[in-house]
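Some notes on the structure that comes next.
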Amino acid sequence: MDIGALGLYVCLFVALYFEVFLMISFLEKRPEKKTKILPRHYPTVSMLVPCFNEGKTLAGTLDSLLALEYPKDKLDIVVIDDGSRDNTATIAQEYVAKHPERISFFQKPNGGKYTALNLGIEKSHGEILGCLDADSFVVADALIEAVKKFETDASIMAITPAMKVYRPRTILELIQQVEYTFGIFYKKMFDNLSAINVLPGPFSIYKRAVFEKIGNFRHAHNTEDMEIAFRMHANGLRIVNAHTAEVYTTVPKTIRALLRQRTRWSQGFLQNARDYAYMFFNRRYGNFGLLILPFCLVSMCAGIYTALYAAYRVCSFATARALEFFAAGVPPHFPVAHLDWFYVNTTMMTFVVGSVLSLTLVAILLGSRLSEARLTFKSFVVYFAFFGLLAPLWLMRATWGALLAQESRWR
Amino acid sequence: MNYQKYALAFVITAAIFGTAFYIANRLDARRISDIRTTQEAVATDILSLETQFDLLGSIDCATLPDTPILSEELASLASRLSVAEQNLGSNNVEVLALKKQYTLLELKDYVLMRQITQKCPKFKPVYVLYFYSNQGDCPQCTAMGDVLTYLRQEYPALRVYSFDYHLDLSALRTLLTLRKIDAEKGLPAFAVNNRAAVYGVKDLEETTKLIPELKTLATSTPSSQ
């Protein structure tokens, strides 16, 4: 066996180990089903909506917040315009005019999302603070589901939702729809392990005490939502997932935009991981330090390695075939097809890759069942066909950016 | 912290890897067994022909079909052996043993064909003795193999006997001596019928010119006639 294939087996072992670990977690603690029970107590909630050039989607975001099933006197919405150059401010002001008692609006020069969120924290008064990106839309009962989760245990300090893709239509959106569904299962299992690694922009809910104890959002390499999760783990503050609190988010519609977004996320992970390196393999931080952080890092390396190895093999094969073609002068023709099991690829690699893909499929189906997401056959086909080709691109870009200490870009 | 879960996940993952290894090995063993069975069948057929030849002193040329010997079976055996070689490696003991048996069958088929040719003037086979190496000293052997494979697909009656030059088999050494094949002159090498060997890779056009007898053979597709 060549060294390259051996490396691939190591990557597959790590991937399979992680999937098996999550499956054991799933069997240990099955996610609870949604109930119609209402919260015993309705704390005051301030929903912070940071915006930067979100004129196209802000109205939908605010409409979804206004439609939340929550006592009106307990919920206020704080819109913070981070120096938009489009009609974001106009739209926000129209909503303030229509709902002056429920929506407040602040403008500031552009300084980054974290500065907008911090201004929102400063200007709001709710016991609970929710963040909602201005390109996302909450389901009407999402806040009640989150508040119910807080009531299950006083030690819970923040909650992540189940994120779904808003109206997926194109191939790229369908790929992301499957990926997000996969993410719903992952987040729930990370919750089982008390190791949620990010509090996403669309609808993460915090107790105000979080910011009083560990401070506000930071620049954090343009991934303030990841850094706050790291910092909460560092300070022993508990994050859980409420898979019944659903939010729909718009996703990048072009490969270029997707690459930029994912490069920012991946690079943010690498740079934050460096800042919090002391948590790696540190038993004090539980499964987060022992499993999730190391696995996320290893999976990035494994993704890059697998892509480079596959590219090397494909290029070597193509070059050899091209040289043979020119040396042999044989016209292109289909090789003889053998309809016999003898010629089926039954190497160990085939079975191991099959196991990894099967567990991935099971995880997606479980995520789909958890979130009642309807995935089509086409979604699965495009996901399995293309995701593996796209992901290494942003992983490599992110690694390159992190090595050069470059600043990742938002858009 | 539940360290038992870490250990359990490791054991299950290792078990999946172990199962994959076991299944792959079992299937490879079945392949070897499959090749051996086919080789035994081919050996029996060759022995039957040889015995027929010995019993009668000469065979009845009138009853011979156009391609009397086991060209198809040997070609199928070769492609199966090639798969086994890819999966298990060319240095695998089982593969080497099968390769030697296959080479012997090729040689017996070759000898028998020559005997029949001498006895039956109507039987005019076109054959190529092809000598290759897969020990890294013949980078162009694959291209030459492609040319001969293509010609064999185009002309099913063309008999191609391929031999691994470095295979440690005394019968093969004898053939190399008889046909004066010398790897020093540069593999790949091939000899058409009784003619002297040609060294180095030849493309399809050159090879076709070197085998003018191809014109006498039927093609597999009407369009290529």
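In the structure tokens, the first chain shown is A, the next is B, and so on; residue numbers restart at 1 for each chain, and ligands run from 1 in the order shown.
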Residues of chain A were defined as contacting chain B if any atom lay at most 9 Å from it, counting only C-alpha atoms; please report them as a PyMOL selection string.
chain A and resi 13-14+16-22+24-25+283+286-287+321+323-331+333+336+342-343+345-352+355
For N, CA and C atoms, I'd like the residues from the last selection saved as a CSV table (one decimal), in the first residue's frame.
chain,number,residue,atom,x,y,z
A,13,PHE,N,-10.6,6.8,8.9
A,13,PHE,CA,-10.8,6.3,10.2
A,13,PHE,C,-11.3,7.4,11.1
A,14,VAL,N,-10.7,8.5,11.0
A,14,VAL,CA,-11.1,9.7,11.8
A,14,VAL,C,-12.5,10.0,11.6
A,16,LEU,N,-14.9,8.2,10.3
A,16,LEU,CA,-15.8,7.1,10.7
A,16,LEU,C,-15.9,7.1,12.3
A,17,TYR,N,-14.8,7.3,12.9
A,17,TYR,CA,-14.8,7.4,14.4
A,17,TYR,C,-15.7,8.5,14.9
A,18,PHE,N,-15.6,9.6,14.3
A,18,PHE,CA,-16.5,10.8,14.7
A,18,PHE,C,-18.0,10.4,14.4
A,19,GLU,N,-18.3,9.9,13.3
A,19,GLU,CA,-19.7,9.6,12.9
A,19,GLU,C,-20.2,8.5,13.9
A,20,VAL,N,-19.4,7.5,14.2
A,20,VAL,CA,-19.8,6.5,15.2
A,20,VAL,C,-20.0,7.1,16.5
A,21,PHE,N,-19.2,8.0,16.9
A,21,PHE,CA,-19.3,8.7,18.2
A,21,PHE,C,-20.6,9.4,18.3
A,22,LEU,N,-21.0,10.1,17.2
A,22,LEU,CA,-22.2,10.9,17.2
A,22,LEU,C,-23.4,9.9,17.2
A,24,ILE,N,-23.5,7.0,18.6
A,24,ILE,CA,-23.7,6.5,20.0
A,24,ILE,C,-24.4,7.5,20.8
A,25,SER,N,-24.0,8.8,20.7
A,25,SER,CA,-24.6,9.8,21.4
A,25,SER,C,-26.1,9.9,21.1
A,283,ARG,N,-8.9,18.4,29.3
A,283,ARG,CA,-10.1,17.7,29.9
A,283,ARG,C,-11.0,18.6,30.6
A,286,GLY,N,-14.1,19.4,28.7
A,286,GLY,CA,-14.9,18.3,28.3
A,286,GLY,C,-14.8,17.9,26.9
A,287,ASN,N,-16.0,17.4,26.3
A,287,ASN,CA,-16.0,16.9,24.9
A,287,ASN,C,-15.6,18.0,23.9
A,321,ARG,N,-2.7,8.1,-19.1
A,321,ARG,CA,-3.6,7.7,-20.2
A,321,ARG,C,-3.3,8.5,-21.4
A,323,LEU,N,-0.5,10.0,-22.2
A,323,LEU,CA,0.8,9.6,-22.8
A,323,LEU,C,0.6,8.3,-23.6
A,324,GLU,N,-0.1,7.4,-22.9
A,324,GLU,CA,-0.3,6.1,-23.6
A,324,GLU,C,-1.1,6.3,-24.9
A,325,PHE,N,-2.0,7.2,-24.8
A,325,PHE,CA,-2.9,7.4,-26.0
A,325,PHE,C,-2.0,7.9,-27.2
A,326,PHE,N,-1.1,8.9,-26.9
A,326,PHE,CA,-0.2,9.4,-27.9
A,326,PHE,C,0.8,8.4,-28.4
A,327,ALA,N,1.3,7.5,-27.4
A,327,ALA,CA,2.3,6.5,-27.8
A,327,ALA,C,1.6,5.4,-28.5
A,328,ALA,N,0.4,5.0,-28.2
A,328,ALA,CA,-0.3,3.9,-28.8
A,328,ALA,C,-1.0,4.2,-30.1
A,329,GLY,N,-1.6,5.4,-30.1
A,329,GLY,CA,-2.3,5.9,-31.3
A,329,GLY,C,-3.6,5.1,-31.4
A,330,VAL,N,-4.1,4.5,-30.3
A,330,VAL,CA,-5.4,3.7,-30.4
A,330,VAL,C,-6.5,4.7,-30.3
A,331,PRO,N,-7.5,4.7,-31.3
A,331,PRO,CA,-8.6,5.6,-31.2
A,331,PRO,C,-9.4,5.4,-30.0
A,333,HIS,N,-12.0,4.5,-27.5
A,333,HIS,CA,-13.1,3.4,-27.5
A,333,HIS,C,-13.4,3.0,-26.1
A,336,VAL,N,-14.0,-3.0,-22.8
A,336,VAL,CA,-15.0,-4.1,-22.8
A,336,VAL,C,-15.7,-4.1,-21.5
A,342,PHE,N,-16.8,-10.4,-10.6
A,342,PHE,CA,-15.3,-10.5,-10.5
A,342,PHE,C,-14.7,-9.1,-10.8
A,343,TYR,N,-15.3,-8.3,-11.6
A,343,TYR,CA,-14.7,-7.0,-12.0
A,343,TYR,C,-15.2,-5.9,-11.2
A,345,ASN,N,-15.3,-3.4,-8.1
A,345,ASN,CA,-14.3,-3.0,-7.1
A,345,ASN,C,-14.7,-3.4,-5.7
A,346,THR,N,-14.0,-4.3,-5.1
A,346,THR,CA,-14.3,-4.7,-3.8
A,346,THR,C,-13.1,-4.6,-2.9
A,347,THR,N,-12.4,-3.5,-3.0
A,347,THR,CA,-11.2,-3.3,-2.2
A,347,THR,C,-11.7,-2.9,-0.8
A,348,MET,N,-10.8,-2.9,0.2
A,348,MET,CA,-11.2,-2.5,1.5
A,348,MET,C,-11.6,-1.0,1.5
A,349,MET,N,-10.9,-0.2,0.7
A,349,MET,CA,-11.2,1.2,0.6
A,349,MET,C,-12.7,1.4,0.2
A,350,THR,N,-13.2,0.6,-0.8
A,350,THR,CA,-14.6,0.7,-1.2
A,350,THR,C,-15.5,0.5,0.0
A,351,PHE,N,-15.3,-0.5,0.8
A,351,PHE,CA,-16.2,-0.8,1.9
A,351,PHE,C,-16.1,0.3,3.0
A,352,VAL,N,-14.9,0.8,3.2
A,352,VAL,CA,-14.7,1.8,4.3
A,352,VAL,C,-15.4,3.1,3.8
A,355,SER,N,-19.0,2.8,4.1
A,355,SER,CA,-19.5,2.9,5.5
A,355,SER,C,-19.6,4.4,5.9
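Secondary structure of stretch 199-388 of chain A, strand (DSSP E) only (DSSP, backbone atoms): Ser204, Ile205, Tyr206, Lys207, Arg238, Ile239, Val240, Asn241, Ala242, His243, Thr244, Ala245, Glu246, Val247, Tyr248 and Thr249 of chain A.
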If we count only C-alpha atoms and set the cut-off at 10 Å, which residues sit around stretch 191-199 of chain B, ignoring sequence neighbours fewer than 6 positions away in its own chain? Please answer as a ChimeraX atom specification.
/B:114,125-131,159-161,179-185,207,210-213
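Reported to one decimal place, the separation of atom CA of B:Lys100 from atom CA of A:Asp340 is 24.2 Å.
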Show me, as a VMD selection string, the residues that have an atom within 10 Å of stretch 210-220 of chain A when counting only C-alpha atoms, minus same-chain residues fewer than 6 positions from it.
chain A and resid 111 to 119 121 to 122 128 to 129 157 to 158 226 to 228 231 to 232 234 to 235 237 to 238 268 to 269 271 to 272 275
DSSP-assigned alpha helix (DSSP H) members of stretch 236-316 of chain A, reported as a count of residues only
47
Near A:Met300, counting only C-alpha atoms, which residues have an atom at most 9 Å away, once you skip same-chain residues fewer than 6 positions from it, shown as an mmCIF file with N, CA, C and O atoms, in the first residue's frame?
data_model
loop_
_atom_site.group_PDB
_atom_site.id
_atom_site.type_symbol
_atom_site.label_atom_id
_atom_site.label_comp_id
_atom_site.auth_asym_id
_atom_site.auth_seq_id
_atom_site.Cartn_x
_atom_site.Cartn_y
_atom_site.Cartn_z
ATOM 1 N N SER A 266 -14.371 29.038 7.810
ATOM 2 C CA SER A 266 -13.275 28.088 8.060
ATOM 3 C C SER A 266 -12.035 28.805 8.574
ATOM 4 O O SER A 266 -11.368 28.342 9.503
ATOM 5 N N PRO A 392 -13.253 21.399 -0.475
ATOM 6 C CA PRO A 392 -11.789 21.587 -0.400
ATOM 7 C C PRO A 392 -11.342 22.959 -0.877
ATOM 8 O O PRO A 392 -10.310 23.462 -0.415
ATOM 9 N N LEU A 395 -11.654 25.214 2.075
ATOM 10 C CA LEU A 395 -10.734 24.771 3.133
ATOM 11 C C LEU A 395 -9.307 25.205 2.806
ATOM 12 O O LEU A 395 -8.570 25.679 3.677
ATOM 13 N N MET A 396 -8.936 25.077 1.532
ATOM 14 C CA MET A 396 -7.569 25.458 1.135
ATOM 15 C C MET A 396 -7.398 26.977 1.201
ATOM 16 O O MET A 396 -6.373 27.467 1.674
ATOM 17 N N THR A 399 -7.145 27.970 4.857
ATOM 18 C CA THR A 399 -5.852 27.601 5.445
ATOM 19 C C THR A 399 -4.766 28.564 4.977
ATOM 20 O O THR A 399 -3.940 29.029 5.765
#
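Taking only C-alpha atoms into account, A:Asn197 lies nearest to A:His233 out of the set A:Lys36, A:Arg264, A:Arg409, A:His233.
Atom to atom, atom CA of A:Ser204 and atom CA of A:Ala67 stand 17.7 Å apart.
Note that the spacing between atom CA of A:Gly130 and atom CA of A:Val45 amounts to 7.2 Å.
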